[in-house]
$ cat upload.txt   # compact mmCIF, C-alpha atoms and all ligand atoms
# COMPACT_ATOMS: atom_id res chain seq x y z
CA MET A 1 0.00 0.00 0.00
CA SER A 2 1.31 3.41 -0.89
CA ARG A 3 2.06 5.88 1.87
CA GLY A 4 1.30 8.74 -0.51
CA ARG A 5 -1.58 11.01 0.42
CA LEU A 6 -3.00 13.69 -1.84
CA ILE A 7 -4.73 16.43 0.07
CA GLY A 8 -7.20 18.20 -2.17
CA SER A 9 -10.77 19.17 -2.80
CA LEU A 10 -13.16 19.85 -5.63
CA ARG A 11 -14.33 22.84 -3.58
CA TYR A 12 -11.54 24.90 -5.13
CA ARG A 13 -13.68 25.04 -8.27
CA ASP A 14 -15.93 27.55 -6.53
CA LEU A 15 -13.12 29.43 -4.82
CA ARG A 16 -11.50 30.91 -7.87
CA TYR A 17 -9.68 34.19 -8.45
CA THR A 18 -11.28 36.97 -10.49
CA LYS A 19 -11.66 36.78 -14.23
CA ASN A 20 -8.44 37.48 -16.19
CA HIS A 21 -6.24 36.67 -13.21
CA PRO A 22 -3.45 34.14 -13.96
CA LEU A 23 -4.71 31.98 -11.08
CA ARG A 24 -8.26 31.89 -12.44
CA ILE A 25 -7.41 28.53 -14.02
CA PRO A 26 -8.45 25.18 -12.54
CA ARG A 27 -5.52 23.60 -10.73
CA VAL A 28 -6.22 21.24 -7.83
CA SER A 29 -9.63 20.17 -9.12
CA LEU A 30 -8.11 19.55 -12.55
CA LEU A 31 -5.33 17.46 -11.04
CA LEU A 32 -7.85 15.37 -9.13
CA GLU A 33 -10.03 14.83 -12.20
CA PHE A 34 -7.03 13.97 -14.33
CA LEU A 35 -5.66 11.46 -11.80
CA GLU A 36 -9.09 9.82 -11.61
CA ALA A 37 -9.35 9.64 -15.38
CA MET A 38 -5.87 8.16 -15.65
CA ASP A 39 -6.65 5.72 -12.82
CA LEU A 40 -3.63 6.94 -10.87
CA ILE A 41 -5.21 7.47 -7.47
CA LYS A 42 -7.08 5.20 -5.09
CA GLU A 43 -9.80 6.32 -2.75
CA TYR A 44 -7.68 5.67 0.37
CA GLU A 45 -4.93 7.93 -0.97
CA ARG A 46 -7.19 10.96 -1.15
CA VAL A 47 -7.61 13.26 1.81
CA GLU A 48 -10.28 15.95 1.71
CA SER A 49 -8.91 19.42 2.49
CA ARG A 50 -10.08 21.26 5.56
CA PRO A 51 -9.75 25.01 6.09
CA ALA A 52 -7.24 26.43 8.55
CA THR A 53 -8.70 28.00 11.67
CA VAL A 54 -8.07 31.68 12.35
CA GLU A 55 -5.89 30.62 15.25
CA GLU A 56 -3.70 28.59 12.90
CA ILE A 57 -3.45 31.48 10.45
CA LEU A 58 -2.36 33.70 13.35
CA LEU A 59 0.72 31.48 13.74
CA PHE A 60 2.17 33.89 11.19
CA HIS A 61 -0.18 36.66 10.11
CA THR A 62 -1.38 39.64 12.11
CA LYS A 63 -4.90 39.82 13.45
CA GLU A 64 -5.72 43.05 11.60
CA TYR A 65 -4.61 41.59 8.31
CA VAL A 66 -6.59 38.35 8.76
CA GLU A 67 -9.69 40.36 9.68
CA ALA A 68 -9.29 42.40 6.51
CA LEU A 69 -9.02 39.20 4.40
CA ILE A 70 -12.16 37.79 5.98
CA GLU A 71 -14.05 41.04 5.52
CA ALA A 72 -12.95 41.45 1.88
CA ASP A 73 -14.05 37.91 1.06
CA ARG A 74 -17.37 38.37 2.89
CA CYS A 75 -18.36 41.75 1.41
CA GLU A 76 -16.74 41.09 -1.99
CA CYS A 77 -15.29 44.55 -1.68
CA VAL A 78 -12.04 46.20 -0.74
CA PRO A 79 -12.41 47.21 2.93
CA LYS A 80 -11.51 50.83 3.58
CA GLY A 81 -7.76 51.38 3.69
CA SER A 82 -6.99 47.74 2.84
CA ARG A 83 -5.39 48.44 -0.48
CA GLU A 84 -2.79 50.75 1.00
CA ARG A 85 -2.28 48.91 4.25
CA PHE A 86 -2.59 45.26 3.24
CA ASN A 87 -2.19 45.29 -0.56
CA ILE A 88 -5.62 43.66 -0.97
CA GLY A 89 -7.77 44.61 -3.93
CA SER A 90 -5.12 45.25 -6.55
CA TYR A 91 -4.99 43.50 -9.92
CA GLU A 92 -2.29 41.29 -8.47
CA ASN A 93 -4.15 40.37 -5.28
CA PRO A 94 -7.83 40.83 -6.10
CA VAL A 95 -10.84 40.26 -3.89
CA SER A 96 -12.49 36.94 -4.70
CA PRO A 97 -13.51 33.73 -2.90
CA ALA A 98 -9.80 32.84 -3.04
CA THR A 99 -8.88 35.83 -0.88
CA PHE A 100 -9.81 34.13 2.35
CA ARG A 101 -11.82 30.93 1.81
CA GLY A 102 -9.58 29.45 -0.89
CA SER A 103 -6.40 30.49 0.90
CA ALA A 104 -7.62 29.16 4.25
CA LEU A 105 -8.46 25.82 2.61
CA ALA A 106 -5.00 25.60 1.06
CA THR A 107 -3.44 26.46 4.43
CA GLY A 108 -5.47 23.94 6.42
CA SER A 109 -4.28 21.37 3.87
CA SER A 110 -0.65 22.22 4.58
CA ILE A 111 -1.28 21.63 8.28
CA GLN A 112 -2.97 18.34 7.39
CA ALA A 113 0.16 17.55 5.38
CA VAL A 114 2.36 18.10 8.43
CA ASP A 115 0.15 15.88 10.60
CA LEU A 116 0.10 13.14 7.96
CA PHE A 117 3.86 13.31 7.57
CA LEU A 118 4.34 12.93 11.31
CA GLN A 119 2.10 9.85 11.16
CA GLY A 120 4.40 8.28 8.58
CA PHE A 121 2.60 9.23 5.36
CA LEU A 122 3.99 11.08 2.34
CA PRO A 123 1.64 14.01 1.88
CA PHE A 124 1.28 16.27 -1.14
CA ASN A 125 -0.82 19.42 -0.91
CA PRO A 126 -0.88 20.84 -4.45
CA ALA A 127 -2.89 23.89 -3.32
CA GLY A 128 -0.10 24.92 -0.96
CA GLY A 129 3.17 26.72 -1.51
CA MET A 130 1.80 30.27 -1.52
CA HIS A 131 5.21 31.58 -0.64
CA HIS A 132 4.93 35.31 -1.36
CA ALA A 133 2.49 36.45 1.35
CA PHE A 134 3.99 38.62 4.10
CA ARG A 135 2.93 38.81 7.73
CA ASP A 136 0.54 41.70 7.13
CA ARG A 137 0.50 42.15 3.39
CA ALA A 138 -0.72 40.22 0.35
CA ASN A 139 1.94 39.77 -2.31
CA GLY A 140 2.41 38.00 -5.64
CA PHE A 141 -1.12 36.45 -5.81
CA CYS A 142 -0.67 35.08 -2.26
CA PHE A 143 -2.79 36.01 0.77
CA ILE A 144 -1.91 33.41 3.40
CA ASN A 145 1.59 31.99 3.56
CA ASP A 146 0.86 28.31 4.13
CA PRO A 147 4.51 27.14 3.97
CA VAL A 148 5.39 29.51 6.82
CA ILE A 149 2.36 28.38 8.82
CA ALA A 150 3.20 24.69 8.26
CA ILE A 151 6.75 25.36 9.47
CA GLU A 152 5.56 27.39 12.46
CA TYR A 153 3.23 24.50 13.28
CA LEU A 154 6.23 22.14 13.21
CA ARG A 155 8.19 24.50 15.47
CA ARG A 156 5.32 24.54 17.96
CA LYS A 157 5.63 20.79 18.06
CA GLY A 158 9.27 21.19 19.04
CA PHE A 159 10.94 20.61 15.68
CA ARG A 160 14.18 22.44 14.88
CA ASN A 161 16.49 22.10 11.87
CA ILE A 162 13.70 22.42 9.35
CA LEU A 163 14.84 22.66 5.75
CA TYR A 164 12.60 24.50 3.31
CA ILE A 165 13.44 24.08 -0.37
CA ASP A 166 11.61 26.13 -2.97
CA LEU A 167 11.77 25.11 -6.64
CA ASP A 168 9.22 27.65 -7.89
CA ALA A 169 10.42 29.95 -10.67
CA HIS A 170 10.07 32.90 -8.28
CA HIS A 171 11.94 33.77 -5.10
CA CYS A 172 10.06 32.88 -1.91
CA ASP A 173 10.26 36.37 -0.43
CA GLY A 174 7.53 35.80 2.18
CA VAL A 175 9.16 32.65 3.53
CA GLN A 176 12.63 34.20 3.53
CA GLU A 177 11.47 37.22 5.49
CA ALA A 178 9.56 35.08 8.00
CA PHE A 179 12.63 33.05 8.97
CA TYR A 180 15.43 35.51 8.28
CA GLU A 181 16.35 35.83 11.92
CA THR A 182 15.92 32.28 13.15
CA ASP A 183 18.33 29.37 13.22
CA ASP A 184 15.52 26.83 13.28
CA VAL A 185 14.76 27.02 9.58
CA TYR A 186 17.07 26.87 6.59
CA VAL A 187 15.50 28.41 3.48
CA LEU A 188 16.92 27.41 0.09
CA SER A 189 15.37 28.96 -2.99
CA VAL A 190 16.32 28.29 -6.62
CA HIS A 191 14.65 30.78 -8.95
CA GLN A 192 14.79 33.30 -11.76
CA SER A 193 17.12 36.11 -10.77
CA PRO A 194 15.31 39.15 -9.37
CA GLU A 195 17.37 41.15 -11.86
CA TYR A 196 14.70 40.27 -14.41
CA ALA A 197 11.84 38.54 -12.56
CA PHE A 198 9.35 39.02 -9.76
CA PRO A 199 9.75 39.87 -6.87
CA PHE A 200 12.63 42.06 -8.17
CA ARG A 201 13.59 43.30 -4.70
CA SER A 202 14.79 40.05 -3.14
CA GLY A 203 16.24 36.68 -4.05
CA PHE A 204 19.81 37.82 -4.65
CA LEU A 205 22.71 35.59 -3.65
CA LYS A 206 23.96 37.92 -0.96
CA GLU A 207 20.92 37.67 1.29
CA ARG A 208 22.21 35.30 3.93
CA GLY A 209 19.89 35.70 6.88
CA THR A 210 20.85 36.76 10.34
CA GLY A 211 21.02 33.37 12.05
CA ARG A 212 23.99 32.79 14.35
CA GLY A 213 25.63 30.14 12.22
CA ARG A 214 26.58 30.36 8.59
CA GLY A 215 23.44 32.19 7.67
CA TYR A 216 20.34 30.08 7.23
CA ASN A 217 19.12 31.43 3.98
CA LEU A 218 20.44 30.63 0.55
CA ASN A 219 19.36 32.03 -2.79
CA VAL A 220 20.34 30.70 -6.19
CA PRO A 221 19.30 33.38 -8.71
CA LEU A 222 19.42 31.90 -12.21
CA PRO A 223 19.63 33.56 -15.63
CA PRO A 224 16.78 33.23 -18.17
CA GLY A 225 16.54 30.16 -20.40
CA ILE A 226 17.56 27.54 -17.82
CA ASN A 227 17.32 24.08 -19.40
CA ASP A 228 17.10 20.62 -17.80
CA ALA A 229 20.86 20.04 -17.85
CA GLU A 230 21.48 23.35 -16.11
CA PHE A 231 18.69 23.01 -13.57
CA LEU A 232 19.84 19.54 -12.55
CA PHE A 233 23.51 20.56 -12.55
CA VAL A 234 22.74 23.42 -10.16
CA LEU A 235 20.57 21.32 -7.88
CA GLU A 236 22.93 18.38 -7.69
CA LYS A 237 25.86 20.62 -6.76
CA VAL A 238 23.99 22.88 -4.35
CA LEU A 239 22.15 20.09 -2.55
CA GLY A 240 25.41 18.15 -2.29
CA TYR A 241 27.29 21.07 -0.71
CA LEU A 242 24.40 21.90 1.58
CA SER A 243 24.08 18.32 2.81
CA GLU A 244 27.71 18.47 3.96
CA VAL A 245 27.07 21.37 6.29
CA TYR A 246 23.42 20.98 7.23
CA ARG A 247 21.47 17.95 8.44
CA PRO A 248 17.76 18.71 8.52
CA ARG A 249 15.27 17.02 10.78
CA VAL A 250 12.32 17.74 8.50
CA LEU A 251 12.07 18.79 4.86
CA VAL A 252 9.35 20.99 3.42
CA LEU A 253 9.48 21.16 -0.38
CA GLN A 254 7.67 23.69 -2.55
CA LEU A 255 6.99 22.41 -6.07
CA GLY A 256 5.75 25.33 -8.15
CA THR A 257 5.39 24.36 -11.79
CA ASP A 258 6.06 27.78 -13.29
CA LEU A 259 9.63 26.74 -14.03
CA LEU A 260 8.25 24.59 -16.88
CA LYS A 261 8.92 25.64 -20.45
CA GLU A 262 5.21 26.03 -21.25
CA ASP A 263 4.60 28.50 -18.43
CA TYR A 264 4.12 31.99 -19.80
CA LEU A 265 4.95 33.78 -16.53
CA SER A 266 8.53 32.61 -16.43
CA LYS A 267 11.54 32.37 -18.70
CA PHE A 268 12.83 28.90 -17.92
CA GLU A 269 12.99 26.00 -20.38
CA VAL A 270 12.68 23.08 -17.98
CA THR A 271 10.69 20.03 -19.17
CA ASN A 272 8.47 18.04 -16.85
CA ARG A 273 11.04 15.25 -17.11
CA GLY A 274 13.64 17.67 -15.70
CA PHE A 275 11.18 18.72 -12.99
CA LEU A 276 10.62 15.09 -12.01
CA GLU A 277 14.37 14.44 -11.91
CA ALA A 278 14.80 17.50 -9.71
CA PHE A 279 12.21 16.11 -7.32
CA LYS A 280 13.97 12.75 -7.21
CA LEU A 281 17.27 14.48 -6.55
CA VAL A 282 15.93 16.36 -3.54
CA ARG A 283 14.55 13.12 -2.07
CA GLU A 284 17.79 11.28 -2.74
CA VAL A 285 19.81 13.85 -0.83
CA PHE A 286 17.44 14.84 1.98
CA GLY A 287 14.89 12.02 2.15
CA GLU A 288 11.14 12.27 2.31
CA GLY A 289 9.35 15.45 3.17
CA ILE A 290 6.16 17.46 3.23
CA TYR A 291 5.33 18.31 -0.37
CA LEU A 292 3.52 21.51 -1.37
CA GLY A 293 2.44 22.93 -4.70
CA GLY A 294 3.23 26.50 -5.73
CA GLY A 295 3.01 28.73 -8.79
CA GLY A 296 2.06 27.44 -12.22
CA TYR A 297 -0.12 29.22 -14.75
CA HIS A 298 -0.47 26.77 -17.60
CA PRO A 299 -3.17 24.36 -16.37
CA ILE A 300 -2.27 21.49 -18.69
CA ALA A 301 1.46 21.70 -17.97
CA LEU A 302 0.68 21.90 -14.26
CA ALA A 303 -1.65 18.89 -14.25
CA ARG A 304 0.88 16.76 -16.12
CA ALA A 305 3.80 17.79 -13.91
CA TRP A 306 2.02 17.27 -10.60
CA THR A 307 0.76 13.93 -11.88
CA LEU A 308 4.39 12.88 -12.31
CA ILE A 309 5.19 14.07 -8.80
CA TRP A 310 2.21 12.15 -7.46
CA CYS A 311 3.24 8.95 -9.29
CA GLU A 312 6.69 9.26 -7.73
CA ILE A 313 5.38 9.94 -4.22
CA SER A 314 2.90 7.08 -4.39
CA GLY A 315 5.42 4.68 -5.94
CA ARG A 316 3.56 4.24 -9.22
CA GLY A 317 5.07 3.61 -12.60
CA ILE A 318 4.54 6.48 -15.02
CA PRO A 319 2.25 5.70 -17.95
CA GLU A 320 3.82 6.84 -21.17
CA ARG A 321 0.67 8.02 -22.89
CA ILE A 322 -2.34 9.94 -21.75
CA ASN A 323 -5.41 7.74 -22.10
CA PRO A 324 -8.60 8.90 -23.89
CA GLU A 325 -10.36 9.74 -20.57
CA GLY A 326 -7.37 11.80 -19.42
CA ARG A 327 -7.21 13.56 -22.74
CA ARG A 328 -10.88 14.47 -22.49
CA VAL A 329 -10.27 16.04 -19.08
CA LEU A 330 -7.37 18.11 -20.38
CA GLU A 331 -9.21 19.15 -23.52
CA GLY A 332 -12.20 20.21 -21.45
CA VAL A 333 -10.24 22.84 -19.52
CA GLU A 334 -11.70 26.27 -20.06
CA TRP A 335 -9.20 29.05 -19.77
CA GLU A 336 -8.04 32.10 -21.62
CA GLU A 337 -5.35 30.21 -23.43
CA ILE A 338 -2.28 32.18 -24.36
CA GLU A 339 -1.75 32.34 -28.11
CA GLU A 340 1.59 30.84 -28.99
CA ASP A 341 3.57 29.92 -32.07
CA THR A 342 4.84 26.73 -30.46
CA ASP A 343 2.92 23.53 -31.07
CA ARG A 344 1.79 22.20 -27.70
CA SER A 345 -0.32 19.31 -28.94
CA TYR A 346 2.15 16.79 -27.40
CA MET A 347 0.77 17.76 -24.01
CA TYR A 348 -2.48 15.95 -24.70
CA ASP A 349 -0.73 12.83 -25.83
CA LEU A 350 2.33 12.19 -23.70
CA LEU A 351 2.53 12.44 -19.94
CA LEU A 352 6.30 12.69 -19.70
CA ASP A 353 8.17 15.09 -21.97
CA PRO A 354 10.92 13.55 -24.11
CA PRO A 355 14.51 14.08 -22.89
CA SER A 356 15.84 17.47 -23.92
CA GLU A 357 19.25 18.43 -25.25
CA GLY A 358 21.14 21.24 -23.64
CA HIS A 359 24.49 22.19 -22.19
CA VAL A 360 25.46 24.01 -19.04
CA ARG A 361 26.48 27.60 -19.72
CA GLU A 362 29.62 29.10 -18.16
CA GLU A 363 27.62 31.72 -16.30
CA VAL A 364 25.65 28.94 -14.60
CA LYS A 365 28.86 27.17 -13.56
CA ASP A 366 30.21 30.49 -12.23
CA LEU A 367 27.07 31.01 -10.20
CA VAL A 368 27.38 27.56 -8.65
CA SER A 369 30.98 28.36 -7.61
CA LYS A 370 29.74 31.51 -5.91
CA VAL A 371 26.94 29.62 -4.16
CA LYS A 372 29.47 27.03 -2.98
CA ALA A 373 31.64 29.76 -1.49
CA GLU A 374 28.58 31.12 0.33
CA ILE A 375 27.65 27.71 1.72
CA TYR A 376 31.14 27.03 3.07
CA SER A 377 31.86 30.59 4.22
ZN ZN B 1 6.15 31.36 -9.08
$ encode --input "upload.txt" --output "structure tokens"
Amino acid sequence: MSRGRLIGSLRYRDLRYTKNHPLRIPRVSLLLEFLEAMDLIKEYERVESRPATVEEILLFHTKEYVEALIEADRCECVPKGSRERFNIGSYENPVSPATFRGSALATGSSIQAVDLFLQGFLPFNPAGGMHHAFRDRANGFCFINDPVIAIEYLRRKGFRNILYIDLDAHHCDGVQEAFYETDDVYVLSVHQSPEYAFPFRSGFLKERGTGRGRGYNLNVPLPPGINDAEFLFVLEKVLGYLSEVYRPRVLVLQLGTDLLKEDYLSKFEVTNRGFLEAFKLVREVFGEGIYLGGGGYHPIALARAWTLIWCEISGRGIPERINPEGRRVLEGVEWEEIEEDTDRSYMYDLLLDPPSEGHVREEVKDLVSKVKAEIYS
């Protein structure tokens, strides 16, 4: 019997962002439907999401901010002063059922993931990984920072030496800030350099945290166009160096899919095969962990990639082709598809992308040398 547990809900269908928002797309519900259609999940492996309580959300966020989220969601309006004070109600962080209800559901699921992990299961919460939210401010489509709350929940249970790894295409500014001054949590983020990508202000190599030891924060800001060979080269080296100086007790892994080549909000060229290999690499070096979703704005690419992750977690073989039922689910996705010149029809046919060619650029090797120096400094 697999120890994998997928925490999700079809309720996310009704808790969507506003029209035209990149997160308007179906994500968790699509993944669940696709896994069903592909016969890749059993009833006992599914765990229904439950919302976080206000008390749990207060493990990180301020009371005033949480009250504003609840009020915005309830009145479907921007409460007075909220835009300026809490960054709620902008195009980036609009008021919708996702503002509080959707975010609270995703956060409760991350706490469920922690509990399941501590019971010996391998939990995956694809709705989680909303890593940009700050203590009292919405940011980067994120309202409630579920990774931080999951980690705070672990700390309340007495855990120290918690390693957080973030593979999303964007720097995890909210998580970094939350743990910048503690030695309990090591934050490693591999992402598009803020020189050209959101959040622009943070995610540079030289942000090392203020922990007593070597600095418990490590950023790997990558140039545009990162391919599989480069992504895996960077990860293998960095994880190897890190494992020599840091032995975590618990791993929390954020698995945003916006690093994939199909994603129109990032400039990476990683295939889902590369993404899967990256996931395997993290597990090889640091063992099992608590697995969270993250960014990802191409619904088909996202569903395929998280299906691969789920197959790996649950110890399933990966079917080569998408079956007719699975294809129907993917073809039925309604979204404002981005017009592209590239032919993406393979996505409805194959689950795993073919291996990709690519070499490791000198600038990527140079960056890894710099990261190594930081780790050992
Ligand atoms: Zn992202």
$ residues_near_point --input "upload.txt" --point "(12.5, 25.6, 1.8)" --cutoff "9 Å" --atoms "only C-alpha atoms" --output "VMD selection string"
chain A and resid 147 162 to 167 172 175 to 176 185 to 189 251 to 254
$ write_last_selection --input "upload.txt" --atoms "C-alpha atoms" --output "PDB file, keeping the file's coordinate frame"
ATOM      1  CA  PRO A 147       4.510  27.140   3.970  1.00  0.00           C
ATOM      2  CA  ILE A 162      13.700  22.420   9.350  1.00  0.00           C
ATOM      3  CA  LEU A 163      14.840  22.660   5.750  1.00  0.00           C
ATOM      4  CA  TYR A 164      12.600  24.500   3.310  1.00  0.00           C
ATOM      5  CA  ILE A 165      13.440  24.080  -0.370  1.00  0.00           C
ATOM      6  CA  ASP A 166      11.610  26.130  -2.970  1.00  0.00           C
ATOM      7  CA  LEU A 167      11.770  25.110  -6.640  1.00  0.00           C
ATOM      8  CA  CYS A 172      10.060  32.880  -1.910  1.00  0.00           C
ATOM      9  CA  VAL A 175       9.160  32.650   3.530  1.00  0.00           C
ATOM     10  CA  GLN A 176      12.630  34.200   3.530  1.00  0.00           C
ATOM     11  CA  VAL A 185      14.760  27.020   9.580  1.00  0.00           C
ATOM     12  CA  TYR A 186      17.070  26.870   6.590  1.00  0.00           C
ATOM     13  CA  VAL A 187      15.500  28.410   3.480  1.00  0.00           C
ATOM     14  CA  LEU A 188      16.920  27.410   0.090  1.00  0.00           C
ATOM     15  CA  SER A 189      15.370  28.960  -2.990  1.00  0.00           C
ATOM     16  CA  LEU A 251      12.070  18.790   4.860  1.00  0.00           C
ATOM     17  CA  VAL A 252       9.350  20.990   3.420  1.00  0.00           C
ATOM     18  CA  LEU A 253       9.480  21.160  -0.380  1.00  0.00           C
ATOM     19  CA  GLN A 254       7.670  23.690  -2.550  1.00  0.00           C
TER      20      GLN A 254
END
$ residues_near_point --input "upload.txt" --point "(-12.2, 45.9, 0.8)" --cutoff "12 Å" --atoms "only C-alpha atoms" --output "compact mmCIF listing (two decimals) with C-alpha atoms, keeping the file's coordinate frame"
# COMPACT_ATOMS: atom_id res chain seq x y z
CA TYR A 65 -4.61 41.59 8.31
CA GLU A 67 -9.69 40.36 9.68
CA ALA A 68 -9.29 42.40 6.51
CA LEU A 69 -9.02 39.20 4.40
CA ILE A 70 -12.16 37.79 5.98
CA GLU A 71 -14.05 41.04 5.52
CA ALA A 72 -12.95 41.45 1.88
CA ASP A 73 -14.05 37.91 1.06
CA ARG A 74 -17.37 38.37 2.89
CA CYS A 75 -18.36 41.75 1.41
CA GLU A 76 -16.74 41.09 -1.99
CA CYS A 77 -15.29 44.55 -1.68
CA VAL A 78 -12.04 46.20 -0.74
CA PRO A 79 -12.41 47.21 2.93
CA LYS A 80 -11.51 50.83 3.58
CA GLY A 81 -7.76 51.38 3.69
CA SER A 82 -6.99 47.74 2.84
CA ARG A 83 -5.39 48.44 -0.48
CA GLU A 84 -2.79 50.75 1.00
CA ARG A 85 -2.28 48.91 4.25
CA PHE A 86 -2.59 45.26 3.24
CA ASN A 87 -2.19 45.29 -0.56
CA ILE A 88 -5.62 43.66 -0.97
CA GLY A 89 -7.77 44.61 -3.93
CA SER A 90 -5.12 45.25 -6.55
CA ASN A 93 -4.15 40.37 -5.28
CA PRO A 94 -7.83 40.83 -6.10
CA VAL A 95 -10.84 40.26 -3.89
CA SER A 96 -12.49 36.94 -4.70
CA THR A 99 -8.88 35.83 -0.88
$ closest_atom_pairs --input "upload.txt" --of "chain A" --to "ligand ZN 1 (chain B)" --cutoff "9 Å" --atoms "all atoms listed in the file" --output "CSV"
residue,atom,partner,partner_atom,distance
A:Met130,CA,B:ZN1,ZN,8.8
A:His131,CA,B:ZN1,ZN,8.5
A:His132,CA,B:ZN1,ZN,8.8
A:Gly140,CA,B:ZN1,ZN,8.4
A:Leu167,CA,B:ZN1,ZN,8.8
A:Asp168,CA,B:ZN1,ZN,5.0
A:Ala169,CA,B:ZN1,ZN,4.8
A:His170,CA,B:ZN1,ZN,4.3
A:His171,CA,B:ZN1,ZN,7.4
A:Cys172,CA,B:ZN1,ZN,8.3
A:His191,CA,B:ZN1,ZN,8.5
A:Phe198,CA,B:ZN1,ZN,8.3
A:Gly256,CA,B:ZN1,ZN,6.1
A:Thr257,CA,B:ZN1,ZN,7.5
A:Asp258,CA,B:ZN1,ZN,5.5
A:Leu259,CA,B:ZN1,ZN,7.6
A:Leu265,CA,B:ZN1,ZN,7.9
A:Ser266,CA,B:ZN1,ZN,7.8
A:Gly294,CA,B:ZN1,ZN,6.6
A:Gly295,CA,B:ZN1,ZN,4.1
A:Gly296,CA,B:ZN1,ZN,6.5
A:Tyr297,CA,B:ZN1,ZN,8.7
$ write_last_selection --input "upload.txt" --atoms "C-alpha atoms" --output "CSV table (one decimal), keeping the file's coordinate frame"
chain,number,residue,atom,x,y,z
A,130,MET,CA,1.8,30.3,-1.5
A,131,HIS,CA,5.2,31.6,-0.6
A,132,HIS,CA,4.9,35.3,-1.4
A,140,GLY,CA,2.4,38.0,-5.6
A,167,LEU,CA,11.8,25.1,-6.6
A,168,ASP,CA,9.2,27.6,-7.9
A,169,ALA,CA,10.4,30.0,-10.7
A,170,HIS,CA,10.1,32.9,-8.3
A,171,HIS,CA,11.9,33.8,-5.1
A,172,CYS,CA,10.1,32.9,-1.9
A,191,HIS,CA,14.6,30.8,-9.0
A,198,PHE,CA,9.4,39.0,-9.8
A,256,GLY,CA,5.8,25.3,-8.2
A,257,THR,CA,5.4,24.4,-11.8
A,258,ASP,CA,6.1,27.8,-13.3
A,259,LEU,CA,9.6,26.7,-14.0
A,265,LEU,CA,5.0,33.8,-16.5
A,266,SER,CA,8.5,32.6,-16.4
A,294,GLY,CA,3.2,26.5,-5.7
A,295,GLY,CA,3.0,28.7,-8.8
A,296,GLY,CA,2.1,27.4,-12.2
A,297,TYR,CA,-0.1,29.2,-14.8
$ closest_residue --input "upload.txt" --among "A:Leu242, A:Ile322, A:Ala229, A:Val47" --to "Phe121 of chain A" --atoms "only C-alpha atoms"
A:Val47
$ atom_distance --input "upload.txt" --atom1 "atom CA of Gln112 of chain A" --atom2 "atom CA of Phe34 of chain A"
22.5 Å
$ closest_residue --input "upload.txt" --among "A:Asn139, A:Thr342, A:Thr271, A:Asn145" --to "Pro355 of chain A" --atoms "all atoms listed in the file"
A:Thr271
$ atom_distance --input "upload.txt" --atom1 "atom CA of Leu255 of chain A" --atom2 "atom CA of Tyr291 of chain A"
7.2 Å
$ closest_residue --input "upload.txt" --among "A:Tyr346, A:Arg247, A:Gly120, A:Ile313" --to "Phe279 of chain A" --atoms "only C-alpha atoms"
A:Ile313
$ closest_residue --input "upload.txt" --among "A:Arg208, A:Arg321, A:His298, A:Lys280" --to "Leu23 of chain A" --atoms "all atoms listed in the file"
A:His298
$ closest_residue --input "upload.txt" --among "A:Ser110, A:Phe159, A:Gly209, A:Leu122" --to "Gly287 of chain A" --atoms "all atoms listed in the file"
A:Leu122
$ atom_distance --input "upload.txt" --atom1 "atom CA of Asn161 of chain A" --atom2 "atom CA of Tyr246 of chain A"
8.4 Å
$ residues_around --input "upload.txt" --residues "Ala37 of chain A" --least-positions-apart "5" --cutoff "9 Å" --atoms "only C-alpha atoms" --output "PyMOL selection string"
chain A and resi 32+323-329
$ residues_around --input "upload.txt" --residues "Glu33 of chain A" --least-positions-apart "6" --cutoff "12 Å" --atoms "all atoms listed in the file" --output "list in words"
Gly8, Ser9, Leu10, Arg13, Pro26, Arg27, Asp39, Leu40, Ile41, Ala303, Arg304, Thr307, Glu325, Gly326, Arg327, Arg328, Val329, Leu330, Gly332 and Val333 of chain A
